[in-house]
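For reference, upload_19.txt (compact mmCIF, C-alpha atoms):
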```
# COMPACT_ATOMS: atom_id res chain seq x y z
CA MET B 37 117.54 86.60 128.86
CA SER B 38 115.34 89.54 129.76
CA MET B 39 111.87 88.16 130.24
CA LEU B 40 109.19 90.81 130.53
CA ALA B 41 106.39 90.48 133.04
CA PRO B 42 102.85 91.40 131.95
CA GLU B 43 102.98 94.43 134.25
CA GLN B 44 106.07 95.67 132.46
CA LEU B 45 104.25 95.43 129.15
CA ALA B 46 101.29 97.34 130.57
CA GLN B 47 103.69 99.99 131.88
CA SER B 48 105.45 100.40 128.54
CA VAL B 49 102.10 100.89 126.84
CA GLN B 50 101.21 103.58 129.40
CA ASP B 51 104.55 105.31 128.85
CA LEU B 52 104.19 105.50 125.07
CA PRO B 53 104.06 108.88 123.43
CA SER B 54 100.40 109.79 123.16
CA LEU B 55 98.61 110.51 119.93
CA PRO B 56 96.90 113.85 119.43
CA ALA B 57 93.52 113.73 121.20
CA VAL B 58 91.63 114.12 117.94
CA VAL B 59 93.38 111.06 116.48
CA MET B 60 92.40 108.99 119.52
CA GLU B 61 88.85 110.09 118.87
CA LEU B 62 89.14 109.06 115.20
CA LEU B 63 90.60 105.64 116.05
CA GLY B 64 87.83 104.92 118.51
CA SER B 65 85.19 105.81 115.97
CA ILE B 66 86.63 103.99 112.97
CA GLU B 67 83.49 102.00 112.29
CA GLN B 68 80.95 104.55 113.46
CA GLU B 69 79.04 106.48 110.87
CA ASN B 70 77.24 108.97 113.08
CA ILE B 71 79.96 111.32 114.24
CA ASP B 72 80.11 115.03 113.64
CA ILE B 73 82.44 115.42 110.69
CA SER B 74 82.76 119.19 110.65
CA VAL B 75 83.80 119.33 114.32
CA LEU B 76 86.48 116.70 113.75
CA ALA B 77 87.75 118.40 110.60
CA LYS B 78 88.14 121.60 112.56
CA LYS B 79 89.98 119.93 115.41
CA VAL B 80 92.43 118.29 113.02
CA SER B 81 93.05 121.61 111.30
CA TYR B 82 94.49 123.04 114.54
CA ASP B 83 97.40 120.61 114.19
CA GLN B 84 99.33 122.06 111.26
CA ALA B 85 101.92 119.33 110.83
CA LEU B 86 99.25 116.66 110.89
CA THR B 87 97.09 118.60 108.43
CA ALA B 88 99.98 119.12 106.00
CA LYS B 89 100.91 115.44 105.97
CA THR B 90 97.29 114.37 105.57
CA LEU B 91 96.79 116.69 102.62
CA ARG B 92 99.94 115.43 100.90
CA LEU B 93 98.58 111.90 101.25
CA ALA B 94 95.19 112.92 99.91
CA ASN B 95 96.87 114.55 96.90
CA SER B 96 99.07 111.54 96.17
CA SER B 97 98.36 109.60 93.02
CA SER B 98 97.07 106.60 95.00
CA TYR B 99 93.83 108.48 95.50
CA GLY B 100 93.57 109.69 91.92
CA LEU B 101 92.12 113.13 92.67
CA GLN B 102 91.98 115.35 89.61
CA VAL B 103 92.22 118.51 91.75
CA LYS B 104 94.48 119.31 94.67
CA VAL B 105 92.73 119.58 98.01
CA ALA B 106 93.91 122.33 100.35
CA THR B 107 91.89 121.75 103.52
CA ILE B 108 90.75 118.77 105.57
CA GLN B 109 87.16 119.72 104.78
CA GLN B 110 87.91 119.57 101.05
CA ALA B 111 89.63 116.21 101.47
CA ILE B 112 86.47 114.92 103.13
CA THR B 113 84.35 116.30 100.29
CA PHE B 114 86.39 114.62 97.57
CA LEU B 115 87.61 111.44 99.27
CA GLY B 116 84.85 110.84 101.76
CA PHE B 117 85.05 110.84 105.50
CA GLN B 118 86.23 107.26 105.96
CA THR B 119 89.24 107.65 103.71
CA THR B 120 90.24 111.02 105.14
CA ARG B 121 89.94 109.66 108.65
CA ASN B 122 92.34 106.85 107.75
CA LEU B 123 94.83 109.22 106.17
CA ILE B 124 94.83 111.35 109.33
CA THR B 125 95.43 108.25 111.42
CA ALA B 126 98.28 107.12 109.17
CA ALA B 127 99.89 110.56 109.29
CA ALA B 128 99.63 110.70 113.10
CA VAL B 129 100.79 107.17 113.90
CA THR B 130 103.87 107.25 111.67
CA GLY B 131 105.06 110.42 113.37
CA CYS B 132 104.52 109.44 116.97
CA PHE B 133 107.32 106.96 117.79
CA PRO B 134 110.92 108.07 118.40
CA ASN B 135 113.48 106.60 115.98
CA GLY B 136 116.86 105.06 116.66
CA LYS B 137 116.32 104.01 120.28
CA CYS B 138 117.12 100.34 119.91
CA PRO B 139 120.47 99.03 118.64
CA GLY B 140 119.99 96.88 115.56
CA PHE B 141 116.37 97.88 114.97
CA ASN B 142 115.86 99.25 111.49
CA ASP B 143 113.12 101.87 111.86
CA LYS B 144 113.10 102.65 108.18
CA ALA B 145 112.62 99.01 107.20
CA PHE B 146 109.87 98.69 109.81
CA TRP B 147 107.88 101.57 108.32
CA ARG B 148 108.49 100.51 104.72
CA HIS B 149 107.13 97.08 105.59
CA SER B 150 104.13 98.55 107.42
CA ILE B 151 103.26 101.04 104.69
CA ALA B 152 103.65 98.40 101.98
CA THR B 153 101.37 96.05 103.92
CA ALA B 154 98.85 98.87 104.25
CA VAL B 155 98.72 99.59 100.51
CA CYS B 156 98.72 95.88 99.68
CA ALA B 157 95.88 95.19 102.13
CA ARG B 158 93.90 98.07 100.67
CA SER B 159 94.36 96.73 97.12
CA LEU B 160 93.32 93.26 98.24
CA ALA B 161 90.27 94.69 99.99
CA ARG B 162 89.22 96.52 96.82
CA ARG B 163 89.31 93.28 94.85
CA LEU B 164 87.34 91.50 97.57
CA ARG B 165 84.83 94.30 98.09
CA PHE B 166 85.90 94.68 101.71
CA ASN B 167 86.24 98.08 103.41
CA GLN B 168 89.47 99.47 101.92
CA ASP B 169 90.12 102.09 104.57
CA VAL B 170 89.86 99.64 107.43
CA ALA B 171 92.18 97.24 105.55
CA PHE B 172 94.71 100.04 105.00
CA THR B 173 94.83 100.99 108.68
CA ALA B 174 94.98 97.37 109.83
CA GLY B 175 97.90 96.75 107.44
CA LEU B 176 99.69 99.83 108.69
CA LEU B 177 99.28 98.86 112.34
CA HIS B 178 99.60 95.06 112.21
CA ASP B 179 103.15 95.03 113.62
CA ILE B 180 102.81 98.12 115.81
CA GLY B 181 103.51 95.92 118.84
CA ARG B 182 107.13 95.74 117.70
CA LEU B 183 107.39 99.49 118.18
CA VAL B 184 105.82 99.20 121.63
CA LEU B 185 108.56 96.72 122.60
CA VAL B 186 111.33 98.68 120.91
CA THR B 187 110.28 101.95 122.53
CA GLY B 188 109.59 100.56 126.00
CA HIS B 189 112.43 98.03 126.22
CA PRO B 190 115.08 98.95 123.68
CA LEU B 191 117.91 96.94 125.23
CA ALA B 192 115.86 93.79 125.75
CA TYR B 193 114.54 94.09 122.20
CA GLY B 194 118.11 94.46 120.97
CA GLU B 195 118.78 91.05 122.53
CA ALA B 196 115.80 89.58 120.71
CA LEU B 197 117.15 90.97 117.44
CA ALA B 198 120.53 89.38 118.13
CA TRP B 199 118.80 86.06 118.90
CA ARG B 200 116.96 86.25 115.61
CA ARG B 201 120.17 86.86 113.69
CA ARG B 202 121.88 83.90 115.37
CA HIS B 203 118.99 81.50 114.75
CA ASP B 204 117.80 82.95 111.45
CA GLY B 205 114.26 82.74 112.82
CA GLU B 206 111.14 84.83 112.69
CA TRP B 207 110.50 87.91 114.85
CA LEU B 208 107.79 86.14 116.77
CA GLU B 209 110.05 83.24 117.76
CA ALA B 210 112.88 85.54 118.79
CA GLU B 211 110.61 87.75 120.88
CA ARG B 212 109.06 84.77 122.67
CA ALA B 213 112.43 83.18 123.32
CA VAL B 214 114.08 86.29 124.73
CA LEU B 215 111.25 88.45 126.11
CA GLY B 216 108.62 85.81 126.90
CA ILE B 217 106.04 87.91 125.08
CA ASP B 218 105.78 88.87 121.43
CA HIS B 219 104.75 91.80 119.27
CA VAL B 220 101.23 90.39 118.93
CA ASP B 221 100.72 90.62 122.73
CA ALA B 222 102.17 94.13 122.71
CA GLY B 223 100.05 95.15 119.73
CA VAL B 224 96.88 93.93 121.38
CA ALA B 225 97.78 95.80 124.60
CA LEU B 226 98.29 98.98 122.57
CA ALA B 227 95.07 98.44 120.64
CA GLU B 228 93.24 98.41 123.95
CA HIS B 229 95.09 101.44 125.27
CA TRP B 230 94.46 103.39 122.06
CA ASN B 231 90.88 102.27 121.93
CA PHE B 232 90.96 100.56 118.52
CA SER B 233 87.76 98.99 117.23
CA ASP B 234 87.24 95.26 117.85
CA THR B 235 87.78 94.41 114.18
CA MET B 236 91.13 96.20 114.19
CA ARG B 237 92.16 94.51 117.44
CA GLN B 238 91.25 91.08 116.00
CA ALA B 239 93.31 91.77 112.89
CA ILE B 240 96.36 92.65 114.99
CA ALA B 241 95.80 89.69 117.30
CA PHE B 242 95.40 87.08 114.54
CA HIS B 243 97.49 88.28 111.61
CA HIS B 244 99.89 85.39 112.29
CA ALA B 245 97.07 82.89 112.92
CA PRO B 246 94.23 83.75 110.54
CA GLU B 247 92.83 80.19 110.67
CA THR B 248 91.90 80.64 114.36
CA PRO B 249 88.12 80.37 114.68
CA GLY B 250 86.67 83.87 114.95
CA ALA B 251 89.81 85.59 113.66
CA GLY B 252 87.79 87.39 111.02
CA PHE B 253 88.29 88.18 107.34
CA LEU B 254 90.37 91.29 108.02
CA ALA B 255 93.01 89.15 109.77
CA ALA B 256 93.16 86.94 106.65
CA ILE B 257 93.63 89.98 104.40
CA VAL B 258 96.42 91.36 106.59
CA HIS B 259 98.02 87.90 106.81
CA VAL B 260 98.19 87.55 103.03
CA ALA B 261 99.29 91.18 102.51
CA ASN B 262 102.07 90.69 105.06
CA ALA B 263 103.37 87.56 103.30
CA VAL B 264 103.15 89.22 99.87
CA VAL B 265 105.13 92.22 101.07
CA HIS B 266 107.83 90.04 102.64
CA ALA B 267 108.00 88.05 99.39
CA LEU B 268 108.27 91.23 97.31
CA ASP B 269 111.31 92.08 99.46
CA LEU B 270 110.40 95.75 99.73
CA ALA B 271 111.53 96.71 103.24
CA GLY B 272 115.26 96.72 102.53
CA GLU B 273 116.19 94.12 105.15
CA GLU B 274 119.19 92.01 104.16
CA ASP B 275 117.84 88.97 106.05
CA GLU B 276 114.27 89.31 104.76
CA LEU B 277 112.29 86.12 105.35
CA VAL B 278 108.92 85.05 103.95
CA PRO B 279 106.70 83.64 106.72
CA ALA B 280 104.55 80.55 106.19
CA LEU B 281 101.39 81.47 104.34
CA SER B 282 98.15 80.03 105.69
CA SER B 283 96.43 78.03 102.96
CA ILE B 284 93.07 78.88 104.52
CA ALA B 285 93.72 82.62 104.31
CA TRP B 286 95.09 82.24 100.76
CA ASP B 287 91.99 80.27 99.72
CA ALA B 288 89.75 82.89 101.27
CA MET B 289 91.15 85.53 98.88
CA GLY B 290 90.10 83.44 95.87
CA LEU B 291 92.16 85.48 93.38
CA ASN B 292 93.92 84.23 90.27
CA GLU B 293 97.50 84.85 89.17
CA ASP B 294 96.65 87.86 87.01
CA ALA B 295 95.05 89.55 89.98
CA TYR B 296 98.13 88.90 92.10
CA LEU B 297 100.51 90.24 89.45
CA ASP B 298 98.43 93.43 89.37
CA LEU B 299 98.47 93.53 93.14
CA PHE B 300 102.27 93.24 93.22
CA ARG B 301 102.64 96.07 90.71
CA GLU B 302 100.21 98.32 92.54
CA THR B 303 101.85 97.68 95.90
CA GLU B 304 105.30 98.60 94.60
CA GLN B 305 104.11 101.75 92.90
CA GLN B 306 102.11 103.06 95.82
CA LEU B 307 104.73 102.18 98.44
CA GLU B 308 107.28 104.60 97.00
CA GLU B 309 104.93 107.54 96.94
CA MET B 310 103.29 106.86 100.30
CA SER B 311 106.54 106.21 102.12
CA ALA B 312 108.06 109.43 100.74
CA ILE B 313 105.20 111.30 102.42
CA LEU B 314 104.76 109.30 105.60
CA MET B 315 108.45 108.94 106.42
CA ALA B 316 109.34 112.56 105.65
CA MET D 162 108.29 112.90 93.65
CA ASN D 163 110.73 115.25 91.97
CA GLY D 164 112.45 112.88 89.55
CA ALA D 165 113.47 113.91 86.06
CA TYR D 166 110.80 113.50 83.41
CA GLN D 167 110.76 113.22 79.68
CA LEU D 168 108.21 114.81 77.36
CA THR D 169 106.58 111.88 75.65
CA PRO D 170 104.09 111.98 72.76
CA LEU D 171 100.58 111.04 73.88
CA ALA D 172 100.50 108.24 71.31
CA GLU D 173 103.49 106.58 73.01
CA ALA D 174 102.16 106.90 76.55
CA THR D 175 100.71 103.75 78.10
CA PRO D 176 98.63 103.08 81.21
CA GLY D 177 100.77 102.74 84.32
CA MET D 178 103.20 105.52 83.41
CA VAL D 179 103.56 108.24 86.03
CA LEU D 180 103.40 112.00 85.46
CA GLY D 181 106.58 113.76 86.60
CA GLU D 182 104.94 117.20 86.57
CA VAL D 183 101.49 118.70 86.91
CA LEU D 184 99.65 118.68 83.58
CA ARG D 185 97.73 121.79 82.45
CA ASP D 186 95.66 122.59 79.40
CA GLY D 187 96.22 125.62 77.16
CA ASN D 188 94.36 127.86 79.63
CA GLY D 189 96.48 126.82 82.59
CA ASN D 190 93.79 124.66 84.14
CA VAL D 191 95.15 121.63 85.94
CA LEU D 192 94.16 118.41 84.16
CA LEU D 193 96.18 115.91 86.16
CA ALA D 194 98.30 116.14 89.30
CA GLN D 195 102.01 115.40 89.46
CA GLY D 196 102.48 111.73 90.30
CA ALA D 197 99.23 110.68 88.67
CA VAL D 198 99.37 107.13 87.32
CA LEU D 199 97.95 107.12 83.80
CA THR D 200 94.96 104.97 82.94
CA GLU D 201 93.29 104.09 79.64
CA GLY D 202 90.49 106.53 80.48
CA MET D 203 92.85 109.41 81.27
CA LEU D 204 94.72 108.95 77.98
CA ALA D 205 91.46 109.08 76.03
CA SER D 206 90.36 112.19 77.89
CA LEU D 207 93.72 113.92 77.34
CA ALA D 208 93.38 113.37 73.60
CA ARG D 209 90.04 115.19 73.76
CA HIS D 210 91.71 118.06 75.62
CA GLY D 211 94.18 118.47 72.76
CA ILE D 212 97.23 117.36 74.77
CA ASP D 213 100.00 115.91 72.63
CA LEU D 214 102.99 115.76 74.98
CA LEU D 215 103.11 114.28 78.48
CA PRO D 216 105.81 114.75 81.15
CA ILE D 217 106.49 111.08 81.97
CA LEU D 218 108.64 110.22 84.97
CA ASP D 219 111.96 108.70 83.88
CA ALA D 220 112.21 106.10 86.61
CA VAL D 221 109.20 104.31 85.21
CA ARG D 222 110.39 104.40 81.60
CA ALA D 223 113.98 103.40 82.06
CA GLU D 224 113.88 100.20 84.05
CA ALA D 225 117.34 98.95 84.88
CA PRO D 226 118.16 95.66 83.18
CA VAL D 227 118.05 92.83 85.72
CA ASP D 228 120.23 89.76 85.86
CA PRO D 229 117.79 86.84 86.19
CA ALA D 230 120.38 84.71 88.03
CA LEU D 231 120.78 87.37 90.73
CA VAL D 232 117.02 87.80 91.01
CA GLN D 233 116.58 84.05 91.42
CA GLU D 234 119.33 83.90 94.01
CA ARG D 235 117.71 86.64 96.08
CA LEU D 236 114.27 85.00 95.80
CA ASP D 237 115.76 81.71 96.99
CA ARG D 238 117.22 83.55 99.95
CA VAL D 239 113.95 85.28 100.88
CA PHE D 240 112.08 81.95 100.62
CA ARG D 241 114.88 80.00 102.35
CA LYS D 242 112.54 78.54 105.01
CA HIS D 243 110.25 76.98 102.42
CA GLU D 244 111.12 73.84 100.54
CA ARG D 245 109.84 73.61 97.00
CA GLY D 246 107.15 70.97 96.58
CA ASN D 247 106.27 70.78 100.28
CA HIS D 248 102.57 69.96 100.08
CA GLY D 249 101.82 71.08 103.62
CA ASP D 250 103.07 74.55 102.63
CA TRP D 251 101.39 74.76 99.21
CA ALA D 252 100.07 78.31 99.59
CA THR D 253 103.58 79.65 100.13
CA GLY D 254 104.63 77.60 97.09
CA ILE D 255 102.03 79.29 94.89
CA LEU D 256 102.98 82.72 96.19
CA ARG D 257 106.60 81.91 95.39
CA GLN D 258 105.71 80.91 91.85
CA TYR D 259 103.70 84.12 91.31
CA ILE D 260 106.50 86.26 92.72
CA GLU D 261 109.02 84.52 90.44
CA ASP D 262 106.79 85.08 87.41
CA PHE D 263 106.52 88.72 88.41
CA ARG D 264 110.20 89.36 89.12
CA LEU D 265 111.50 87.38 86.16
CA ASP D 266 108.85 88.78 83.84
CA ARG D 267 107.69 85.35 82.77
CA GLU D 268 104.87 84.96 80.34
CA VAL D 269 101.77 83.97 82.27
CA GLY D 270 99.27 81.77 80.45
CA PRO D 271 95.58 82.71 80.31
```
As structure tokens - that is how I would like this structure written.
Amino acid sequence: MSMLAPEQLAQSVQDLPSLPAVVMELLGSIEQENIDISVLAKKVSYDQALTAKTLRLANSSSYGLQVKVATIQQAITFLGFQTTRNLITAAAVTGCFPNGKCPGFNDKAFWRHSIATAVCARSLARRLRFNQDVAFTAGLLHDIGRLVLVTGHPLAYGEALAWRRRHDGEWLEAERAVLGIDHVDAGVALAEHWNFSDTMRQAIAFHHAPETPGAGFLAAIVHVANAVVHALDLAGEEDELVPALSSIAWDAMGLNEDAYLDLFRETEQQLEEMSAILMA
Amino acid sequence: MNGAYQLTPLAEATPGMVLGEVLRDGNGNVLLAQGAVLTEGMLASLARHGIDLLPILDAVRAEAPVDPALVQERLDRVFRKHERGNHGDWATGILRQYIEDFRLDREVGP
């Protein structure tokens, strides 16, 4: 067993690769309306790789633009600031963790699951008239704590993966049994370090327990999107496992079967395009 | 998205199909981007623009035939922690039913 002390978790969060400063600024401001858009657009434009990836996302069919945008400023004009801000965040976060550090950890499956949950949460949010951009980012980041653990403690996490294979359990169980902490703790620690908004932090903290009083609607959306994506079996994990679905969260969606069948279709379609861009 | 595409008459195109190439009108103006997912509205508007052939992505047209027994087997594996008919776990049961309808292309009543 390789139990991790809280200080070790804090240290591994400190040691994480940092996001570009402008992305930190965007994450901290995700629910603010009164920030200077043109200054931010300019700052992002200095980072060419980030700009290129963001523009490819903006031009993907998921956003249905009839013209191709060529600059961040244009993306903001056509898609709006909120959406562009979320695309920038997605482009930055998916590129910031090193791959292949932990034996047995499937980075590709991790990102396919995260991206699929993001597009599924956004589609759910649209049907529920909830903020789609916030839902997308929360879906993308809900399991980010796993990457914190994998990056900071690759060998210990490898043991947790082996435990999970032996017991055919869920990630959460395996992490608690071997490390003493789980990816929810790690995700919350990162959310604080990266200065996420409270809503986003709540969604990460409660996506496995959406019935907790005060968990918030976003946590319920991410919870259902996560279960749907596991059930659609999209990540490419041989031992894929559907987690228990909270009946309270399911009820809160209030959608009928037709809506879900549409949601499944949309999630599959958008995953392929988005993952081709984000995982390039 | 650089898959092969097939030129398909507008009349045969249906919503949900994906464009495998950028679509231009006779003057070279871009009408739709590569990768655009067609909607009812787009098809109507293309007819007005005098488009009669669309470059439709092959992957979407030619869906591989699936063996329902294999699909069911895989679904049972993915849902292996959930017993059918467990009332305490009813939400997962409904999700399972919807996913089965989706994967096995079952007719869903109104």
Next on the checklist: Based on only C-alpha atoms, which of the residues in chain D come within 6 Å of chain B? I want them as a list in words.
Outcome noted: Leu193, Gly196, Ala197, Val239, Phe240, Ala252 and Thr253 of chain D
Long-range neighbours of Asn122 (chain B) as a VMD selection string, 12 Å cut-off, all atoms listed in the file, 5 positions minimum in chain: chain B and resid 59 to 60 62 to 67 90 to 91 93 to 94 111 to 112 115 to 117 127 to 129 154 158 167 to 177
If we count only C-alpha atoms, what is near Val220 (chain B) at a cut-off of 10 Å, once residues fewer than 4 positions away on the same chain are taken out, given as a VMD selection string?
chain B and resid 178 to 182 208 211 224 to 226 240 to 244
Looking at all atoms listed in the file, which of D:Ala174, D:Ile212, D:Ile255, D:Ile217 is the one that sits closest to Gly187 (chain D)?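 Of D:Ala174, D:Ile212, D:Ile255, D:Ile217, the one nearest Gly187 (chain D) is D:Ile212, counting all atoms listed in the file.
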Coordinates-based distance that separates CA of Ile73 (chain B) from CA of Gln110 (chain B) (Å, one decimal):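 It comes out at 11.8 Å.
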Could you give me, as JSON lines, a per-residue list for region 170-252 of chain D showing, wherever an atom lies at most 9 Å from an atom of region 260-271 of chain D, the closest pair of atoms and their distance in Å to one decimal, using all atoms listed in the file and sorting by chain then residue number from low to high?
```
{"residue": "D:Val227", "atom": "CA", "partner": "D:Leu265", "partner_atom": "CA", "distance": 8.5}
{"residue": "D:Pro229", "atom": "CA", "partner": "D:Leu265", "partner_atom": "CA", "distance": 6.3}
{"residue": "D:Val232", "atom": "CA", "partner": "D:Arg264", "partner_atom": "CA", "distance": 7.2}
{"residue": "D:Gln233", "atom": "CA", "partner": "D:Glu261", "partner_atom": "CA", "distance": 7.6}
{"residue": "D:Leu236", "atom": "CA", "partner": "D:Glu261", "partner_atom": "CA", "distance": 7.5}
```
Review point. Near Trp199 (chain B), within 12 Å and counting only C-alpha atoms, which residues show up once chain neighbours fewer than 2 positions away are dropped, as a list in words?
Key: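 Within the cut-off, the hits are Met37, Ser38, Gly140, Ala192, Tyr193, Gly194, Glu195, Ala196, Leu197, Arg201, Arg202, His203, Asp204, Gly205, Glu206, Trp207, Leu208, Glu209, Ala210, Glu211, Arg212, Ala213, Val214 and Leu215 of chain B.
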